[in-house]
>>> print(open('coords-v1.cif').read())   # mmCIF, C-alpha atoms
data_data
loop_
_atom_site.label_atom_id
_atom_site.label_comp_id
_atom_site.auth_asym_id
_atom_site.auth_seq_id
_atom_site.Cartn_x
_atom_site.Cartn_y
_atom_site.Cartn_z
CA PHE A 165 0.00 0.00 0.00
CA ALA A 166 2.84 2.38 0.82
CA ASN A 167 4.41 1.79 -2.59
CA TYR A 168 1.06 2.38 -4.27
CA MET A 169 0.45 5.67 -2.44
CA SER A 170 4.00 6.90 -3.07
CA LYS A 171 3.71 6.62 -6.85
CA PHE A 172 1.27 9.56 -7.06
CA SER A 173 2.75 13.03 -7.35
CA GLY A 174 0.84 16.25 -6.97
CA TYR A 175 -2.78 16.59 -5.91
CA GLN A 176 -5.14 13.69 -6.52
CA ARG A 177 -8.86 13.27 -5.97
CA LEU A 178 -9.67 11.94 -2.47
CA GLU A 179 -13.12 10.55 -1.66
CA ASP A 180 -14.53 8.73 1.34
CA THR A 181 -17.82 7.08 2.30
CA TYR A 182 -18.54 9.56 5.10
CA SER A 183 -19.24 12.39 2.63
CA PRO A 184 -20.40 10.70 -0.59
CA ASN A 185 -21.38 13.96 -2.36
CA ILE A 186 -18.01 15.72 -2.06
CA PHE A 187 -14.33 15.15 -2.74
CA ARG A 188 -11.10 16.93 -1.93
CA MET A 189 -7.83 17.41 -3.75
CA ALA A 190 -5.06 15.87 -1.63
CA GLN A 191 -1.38 14.91 -1.70
CA PHE A 192 -0.05 11.86 0.11
CA VAL A 193 2.49 13.13 2.65
CA GLU A 194 3.43 10.21 4.87
CA GLY A 195 2.15 7.24 6.75
CA VAL A 196 1.84 3.51 6.52
CA ASN A 197 3.84 2.78 9.67
CA VAL A 198 1.96 -0.45 10.45
CA LYS A 199 1.11 -1.34 14.04
CA SER A 200 0.43 -5.09 14.16
CA LYS A 201 -2.69 -6.28 15.91
CA GLY A 202 -4.89 -9.29 16.33
CA TYR A 203 -4.21 -13.00 16.47
CA MET A 204 -0.64 -13.70 15.38
CA ASN A 205 -0.32 -10.12 14.11
CA ARG A 206 -2.53 -10.85 11.08
CA MET A 207 -4.09 -7.40 11.16
CA GLY A 208 -2.50 -4.01 10.97
CA GLU A 209 -3.43 -0.46 11.72
CA PHE A 210 -1.77 2.65 10.33
CA ASP A 211 -2.29 6.37 9.95
CA ILE A 212 -2.01 8.20 6.65
CA THR A 213 -1.30 11.93 6.38
CA PHE A 214 -2.60 13.97 3.45
CA ASN A 215 -2.04 17.61 2.54
CA CYS A 216 -5.48 18.77 1.32
CA LYS A 217 -6.58 21.91 -0.47
CA PRO A 218 -9.19 23.74 1.65
CA GLN A 219 -12.02 23.30 -0.85
CA ARG A 220 -14.51 20.45 -0.62
CA PHE A 221 -15.72 20.06 -4.20
CA LEU A 222 -19.34 19.14 -4.82
CA LYS A 223 -19.82 16.19 -7.16
CA SER A 224 -22.87 18.01 -8.53
CA GLY A 225 -20.42 20.65 -9.81
CA GLU A 226 -18.87 18.07 -12.15
CA ILE A 227 -22.02 17.79 -14.26
CA PRO A 228 -21.81 19.96 -17.39
CA VAL A 229 -24.72 22.31 -18.14
CA THR A 230 -25.32 22.94 -21.86
CA TYR A 231 -26.59 26.28 -23.17
CA LEU A 232 -27.88 26.53 -26.73
CA GLU A 233 -29.15 30.04 -26.04
CA ASP A 234 -28.70 32.69 -23.34
CA GLY A 235 -29.82 31.61 -19.89
CA ASN A 236 -28.94 31.63 -16.19
CA ILE A 237 -26.66 29.61 -13.96
CA TRP A 238 -27.18 29.36 -10.22
CA ASN A 239 -24.20 28.93 -7.92
CA ARG A 240 -25.86 27.83 -4.66
CA THR A 241 -22.61 28.01 -2.67
CA ASP A 242 -21.08 31.02 -0.94
CA TYR A 243 -17.91 30.78 -3.05
CA ASP A 244 -17.10 31.86 -6.60
CA SER A 245 -16.23 28.82 -8.71
CA MET A 246 -13.77 28.58 -11.58
CA PRO A 247 -15.49 26.53 -14.27
CA LEU A 248 -14.34 24.41 -17.16
CA ILE A 249 -16.06 25.74 -20.29
CA ARG A 250 -16.36 24.15 -23.73
CA VAL A 251 -17.39 26.60 -26.45
CA THR A 252 -18.64 25.07 -29.69
CA MET A 253 -18.16 27.45 -32.60
CA THR A 254 -16.35 28.16 -35.83
CA GLY A 255 -15.24 31.77 -36.08
CA SER A 256 -15.32 34.51 -33.45
CA GLY A 257 -17.64 35.52 -30.63
CA THR A 258 -18.03 36.16 -26.91
CA VAL A 259 -19.17 34.18 -23.87
CA GLY A 260 -20.21 35.86 -20.65
CA ILE A 261 -21.18 34.78 -17.16
CA GLY A 262 -22.39 37.69 -15.05
CA ASP A 263 -19.86 40.52 -15.40
CA TYR A 264 -17.13 38.21 -16.72
CA LEU A 265 -16.57 38.09 -20.48
CA ILE A 266 -14.40 35.96 -22.77
CA GLU A 267 -13.63 37.07 -26.33
CA LEU A 268 -12.80 34.25 -28.76
CA THR A 269 -11.30 34.62 -32.23
CA ASP A 270 -10.54 32.14 -35.01
CA ILE A 271 -11.89 29.07 -33.22
CA GLU A 272 -12.45 25.95 -35.28
CA ASP A 273 -15.06 23.46 -34.04
CA TYR A 274 -14.59 23.94 -30.26
CA VAL A 275 -12.25 25.16 -27.54
CA ASP A 276 -11.97 24.14 -23.87
CA ILE A 277 -11.28 26.90 -21.36
CA ASP A 278 -10.05 25.97 -17.89
CA CYS A 279 -10.79 29.06 -15.81
CA GLU A 280 -8.79 27.83 -12.81
CA LEU A 281 -5.63 27.56 -14.93
CA MET A 282 -6.65 30.39 -17.30
CA ASP A 283 -5.77 28.03 -20.14
CA ALA A 284 -7.50 27.47 -23.51
CA TYR A 285 -6.93 24.37 -25.63
CA LYS A 286 -8.39 21.90 -28.08
CA GLY A 287 -6.86 18.53 -27.31
CA THR A 288 -3.14 19.26 -27.35
CA ILE A 289 -3.44 22.50 -29.37
CA ASN A 290 -2.86 25.72 -27.42
CA TYR A 291 -5.62 28.30 -28.05
CA ASN A 292 -4.45 30.90 -25.51
CA PRO A 293 -3.61 33.48 -28.23
CA ASN A 294 -7.23 33.24 -29.47
CA ILE A 295 -8.81 34.02 -26.08
CA SER A 296 -8.98 37.22 -24.03
CA PHE A 297 -10.70 37.92 -20.71
CA ASN A 298 -12.08 41.20 -19.36
CA ALA A 299 -10.65 40.42 -15.89
CA ASP A 300 -7.69 38.68 -14.26
CA SER A 301 -9.91 35.67 -13.59
CA PHE A 302 -13.18 34.17 -14.83
CA LYS A 303 -15.61 32.92 -12.21
CA ILE A 304 -19.20 31.92 -11.56
CA PRO A 305 -20.20 34.23 -8.70
CA SER A 306 -22.38 33.05 -5.84
CA GLY A 307 -26.07 33.38 -6.72
CA VAL A 308 -27.78 33.62 -10.10
CA SER A 309 -25.75 34.89 -13.07
CA GLY A 310 -26.68 35.38 -16.69
CA VAL A 311 -25.00 33.23 -19.34
CA THR A 312 -24.72 35.04 -22.67
CA PHE A 313 -22.98 34.43 -25.96
CA THR A 314 -22.69 36.21 -29.28
CA GLY A 315 -21.19 35.80 -32.73
CA ALA A 316 -20.43 32.35 -34.09
CA VAL A 317 -20.96 30.60 -30.72
CA GLN A 318 -23.36 27.68 -31.18
CA ALA A 319 -23.25 26.09 -27.72
CA VAL A 320 -21.60 26.55 -24.34
CA ASP A 321 -21.03 23.65 -21.93
CA ILE A 322 -20.20 24.79 -18.40
CA THR A 323 -18.82 22.39 -15.80
CA PRO A 324 -19.15 24.69 -12.78
CA ARG A 325 -16.80 23.03 -10.25
CA TYR A 326 -18.77 24.23 -7.22
CA PHE A 327 -17.10 23.90 -3.81
CA ILE A 328 -17.59 24.62 -0.13
CA ILE A 329 -15.07 25.03 2.68
#
>>> encode(input="coords-v1.cif", output="structure tokens")
Amino acid sequence: FANYMSKFSGYQRLEDTYSPNIFRMAQFVEGVNVKSKGYMNRMGEFDITFNCKPQRFLKSGEIPVTYLEDGNIWNRTDYDSMPLIRVTMTGSGTVGIGDYLIELTDIEDYVDIDCELMDAYKGTINYNPNISFNADSFKIPSGVSGVTFTGAVQAVDITPRYFII
């Protein structure tokens, strides 16, 4: 088990059965110092230490919401989320959520925009030069926000990534 846990680098998804509707992003730090127990030491007990990000991500925030026309999105948490957005289009246009706006130029078929990383791509192709934001970040604010799009945009899929602390 120690070898298995040690092979992961960086943050990984951590889930448990106590909170089935949430997950955390965690790094294995240390542990697996086995204390033998039971008949002929056939059982063991050990502690594992993880370094976790403070957010508890809602699994409901992993479900993409598709917009074929302007609409609303409702962030029921108290925290602004940084979504993953797929914009289907060929050409140029804009996508907005609340006061946040993305301008897209020369997109062919679709582009994925990771708002946490502020990164735009299609598969392995970098689309960052084709994207511009009206702010230093792009978020879904707490509450109800309008979702708008213009130009050649045909559809917008938003995976909201809602979280609580």
>>> resolve_selection(input="coords-v1.cif", expression="the PyMOL selection byres ((chain A and resi 209-220) around 12)", output="MDAnalysis selection string")
chainID A and resid 165:166 169:170 173:180 183:202 205:208 221:225 241:245 325:329
>>> resolve_selection(input="coords-v1.cif", expression="the PyMOL selection byres ((chain A and resi 271-285) around 9)", output="MDAnalysis selection string")
chainID A and resid 245:256 268:270 286:295 300:303
>>> atom_distance(input="coords-v1.cif", atom1="atom CA of Glu267 of chain A", atom2="atom CA of Val320 of chain A")
13.3 Å
>>> atom_distance(input="coords-v1.cif", atom1="atom CA of Gly307 of chain A", atom2="atom CA of Thr181 of chain A")
29.0 Å
>>> resolve_selection(input="coords-v1.cif", expression="the PyMOL selection byres ((chain A and resi 311) around 8)", output="PyMOL selection string")
chain A and resi 234-237+259-262+309-310+312-313
>>> atom_distance(input="coords-v1.cif", atom1="atom CA of Ile304 of chain A", atom2="atom CA of Gly257 of chain A")
19.5 Å
>>> decode(input="coords-v1.cif", residues="segment 207-241 of chain A", atoms="N, CA and C atoms", output="PDB file, in the first residue's frame")
ATOM      1  N   MET A 207      -3.423  -8.655  11.511  1.00  0.00           N
ATOM      2  CA  MET A 207      -4.086  -7.399  11.163  1.00  0.00           C
ATOM      3  C   MET A 207      -3.110  -6.262  11.420  1.00  0.00           C
ATOM      4  N   GLY A 208      -3.349  -5.172  10.755  1.00  0.00           N
ATOM      5  CA  GLY A 208      -2.502  -4.015  10.966  1.00  0.00           C
ATOM      6  C   GLY A 208      -3.317  -2.743  10.989  1.00  0.00           C
ATOM      7  N   GLU A 209      -2.777  -1.769  11.640  1.00  0.00           N
ATOM      8  CA  GLU A 209      -3.425  -0.460  11.721  1.00  0.00           C
ATOM      9  C   GLU A 209      -2.362   0.578  11.410  1.00  0.00           C
ATOM     10  N   PHE A 210      -2.729   1.603  10.643  1.00  0.00           N
ATOM     11  CA  PHE A 210      -1.768   2.649  10.328  1.00  0.00           C
ATOM     12  C   PHE A 210      -2.491   3.956  10.068  1.00  0.00           C
ATOM     13  N   ASP A 211      -1.778   5.028  10.229  1.00  0.00           N
ATOM     14  CA  ASP A 211      -2.285   6.371   9.952  1.00  0.00           C
ATOM     15  C   ASP A 211      -1.687   6.841   8.634  1.00  0.00           C
ATOM     16  N   ILE A 212      -2.479   7.607   7.892  1.00  0.00           N
ATOM     17  CA  ILE A 212      -2.011   8.204   6.647  1.00  0.00           C
ATOM     18  C   ILE A 212      -2.191   9.708   6.779  1.00  0.00           C
ATOM     19  N   THR A 213      -1.206  10.471   6.342  1.00  0.00           N
ATOM     20  CA  THR A 213      -1.297  11.929   6.382  1.00  0.00           C
ATOM     21  C   THR A 213      -1.396  12.455   4.961  1.00  0.00           C
ATOM     22  N   PHE A 214      -2.398  13.316   4.734  1.00  0.00           N
ATOM     23  CA  PHE A 214      -2.597  13.973   3.451  1.00  0.00           C
ATOM     24  C   PHE A 214      -2.498  15.479   3.640  1.00  0.00           C
ATOM     25  N   ASN A 215      -2.002  16.155   2.629  1.00  0.00           N
ATOM     26  CA  ASN A 215      -2.042  17.606   2.545  1.00  0.00           C
ATOM     27  C   ASN A 215      -3.204  17.926   1.605  1.00  0.00           C
ATOM     28  N   CYS A 216      -4.278  18.531   2.128  1.00  0.00           N
ATOM     29  CA  CYS A 216      -5.481  18.773   1.324  1.00  0.00           C
ATOM     30  C   CYS A 216      -5.654  20.254   1.023  1.00  0.00           C
ATOM     31  N   LYS A 217      -6.147  20.552  -0.163  1.00  0.00           N
ATOM     32  CA  LYS A 217      -6.579  21.906  -0.466  1.00  0.00           C
ATOM     33  C   LYS A 217      -7.809  22.192   0.403  1.00  0.00           C
ATOM     34  N   PRO A 218      -8.080  23.450   0.724  1.00  0.00           N
ATOM     35  CA  PRO A 218      -9.191  23.737   1.649  1.00  0.00           C
ATOM     36  C   PRO A 218     -10.587  23.467   1.067  1.00  0.00           C
ATOM     37  N   GLN A 219     -10.708  23.478  -0.249  1.00  0.00           N
ATOM     38  CA  GLN A 219     -12.024  23.298  -0.855  1.00  0.00           C
ATOM     39  C   GLN A 219     -12.517  21.860  -0.728  1.00  0.00           C
ATOM     40  N   ARG A 220     -13.826  21.736  -0.513  1.00  0.00           N
ATOM     41  CA  ARG A 220     -14.506  20.453  -0.620  1.00  0.00           C
ATOM     42  C   ARG A 220     -15.399  20.586  -1.850  1.00  0.00           C
ATOM     43  N   PHE A 221     -15.022  19.925  -2.926  1.00  0.00           N
ATOM     44  CA  PHE A 221     -15.719  20.065  -4.199  1.00  0.00           C
ATOM     45  C   PHE A 221     -16.993  19.238  -4.205  1.00  0.00           C
ATOM     46  N   LEU A 222     -18.065  19.830  -4.719  1.00  0.00           N
ATOM     47  CA  LEU A 222     -19.338  19.137  -4.823  1.00  0.00           C
ATOM     48  C   LEU A 222     -19.347  18.297  -6.091  1.00  0.00           C
ATOM     49  N   LYS A 223     -19.744  17.038  -5.970  1.00  0.00           N
ATOM     50  CA  LYS A 223     -19.817  16.185  -7.157  1.00  0.00           C
ATOM     51  C   LYS A 223     -20.858  16.711  -8.137  1.00  0.00           C
ATOM     52  N   SER A 224     -21.875  17.408  -7.634  1.00  0.00           N
ATOM     53  CA  SER A 224     -22.871  18.007  -8.530  1.00  0.00           C
ATOM     54  C   SER A 224     -22.244  19.080  -9.423  1.00  0.00           C
ATOM     55  N   GLY A 225     -21.124  19.645  -9.012  1.00  0.00           N
ATOM     56  CA  GLY A 225     -20.422  20.649  -9.808  1.00  0.00           C
ATOM     57  C   GLY A 225     -19.601  20.068 -10.938  1.00  0.00           C
ATOM     58  N   GLU A 226     -19.594  18.736 -11.062  1.00  0.00           N
ATOM     59  CA  GLU A 226     -18.874  18.072 -12.154  1.00  0.00           C
ATOM     60  C   GLU A 226     -19.786  17.755 -13.331  1.00  0.00           C
ATOM     61  N   ILE A 227     -21.058  18.078 -13.200  1.00  0.00           N
ATOM     62  CA  ILE A 227     -22.025  17.789 -14.263  1.00  0.00           C
ATOM     63  C   ILE A 227     -22.107  18.996 -15.190  1.00  0.00           C
ATOM     64  N   PRO A 228     -21.753  18.829 -16.472  1.00  0.00           N
ATOM     65  CA  PRO A 228     -21.813  19.964 -17.395  1.00  0.00           C
ATOM     66  C   PRO A 228     -23.258  20.410 -17.656  1.00  0.00           C
ATOM     67  N   VAL A 229     -23.429  21.715 -17.784  1.00  0.00           N
ATOM     68  CA  VAL A 229     -24.717  22.308 -18.139  1.00  0.00           C
ATOM     69  C   VAL A 229     -24.548  22.887 -19.539  1.00  0.00           C
ATOM     70  N   THR A 230     -25.431  22.498 -20.463  1.00  0.00           N
ATOM     71  CA  THR A 230     -25.323  22.939 -21.857  1.00  0.00           C
ATOM     72  C   THR A 230     -26.294  24.082 -22.121  1.00  0.00           C
ATOM     73  N   TYR A 231     -25.779  25.126 -22.768  1.00  0.00           N
ATOM     74  CA  TYR A 231     -26.588  26.277 -23.170  1.00  0.00           C
ATOM     75  C   TYR A 231     -26.561  26.370 -24.691  1.00  0.00           C
ATOM     76  N   LEU A 232     -27.748  26.333 -25.295  1.00  0.00           N
ATOM     77  CA  LEU A 232     -27.878  26.533 -26.734  1.00  0.00           C
ATOM     78  C   LEU A 232     -28.381  27.939 -27.031  1.00  0.00           C
ATOM     79  N   GLU A 233     -28.745  28.635 -25.970  1.00  0.00           N
ATOM     80  CA  GLU A 233     -29.150  30.042 -26.045  1.00  0.00           C
ATOM     81  C   GLU A 233     -28.860  30.667 -24.684  1.00  0.00           C
ATOM     82  N   ASP A 234     -28.949  31.993 -24.604  1.00  0.00           N
ATOM     83  CA  ASP A 234     -28.702  32.692 -23.345  1.00  0.00           C
ATOM     84  C   ASP A 234     -29.583  32.114 -22.243  1.00  0.00           C
ATOM     85  N   GLY A 235     -29.068  32.122 -21.024  1.00  0.00           N
ATOM     86  CA  GLY A 235     -29.823  31.605 -19.887  1.00  0.00           C
ATOM     87  C   GLY A 235     -29.203  32.062 -18.580  1.00  0.00           C
ATOM     88  N   ASN A 236     -29.473  31.319 -17.515  1.00  0.00           N
ATOM     89  CA  ASN A 236     -28.944  31.633 -16.194  1.00  0.00           C
ATOM     90  C   ASN A 236     -28.261  30.413 -15.602  1.00  0.00           C
ATOM     91  N   ILE A 237     -27.287  30.677 -14.737  1.00  0.00           N
ATOM     92  CA  ILE A 237     -26.658  29.615 -13.964  1.00  0.00           C
ATOM     93  C   ILE A 237     -26.725  30.033 -12.500  1.00  0.00           C
ATOM     94  N   TRP A 238     -26.997  29.064 -11.632  1.00  0.00           N
ATOM     95  CA  TRP A 238     -27.184  29.360 -10.219  1.00  0.00           C
ATOM     96  C   TRP A 238     -26.121  28.653  -9.397  1.00  0.00           C
ATOM     97  N   ASN A 239     -25.224  29.426  -8.835  1.00  0.00           N
ATOM     98  CA  ASN A 239     -24.199  28.927  -7.921  1.00  0.00           C
ATOM     99  C   ASN A 239     -24.788  29.014  -6.518  1.00  0.00           C
ATOM    100  N   ARG A 240     -25.192  27.869  -5.961  1.00  0.00           N
ATOM    101  CA  ARG A 240     -25.864  27.826  -4.661  1.00  0.00           C
ATOM    102  C   ARG A 240     -24.892  27.897  -3.480  1.00  0.00           C
ATOM    103  N   THR A 241     -23.599  27.945  -3.753  1.00  0.00           N
ATOM    104  CA  THR A 241     -22.614  28.015  -2.672  1.00  0.00           C
ATOM    105  C   THR A 241     -22.284  29.471  -2.366  1.00  0.00           C
TER     106      THR A 241
END
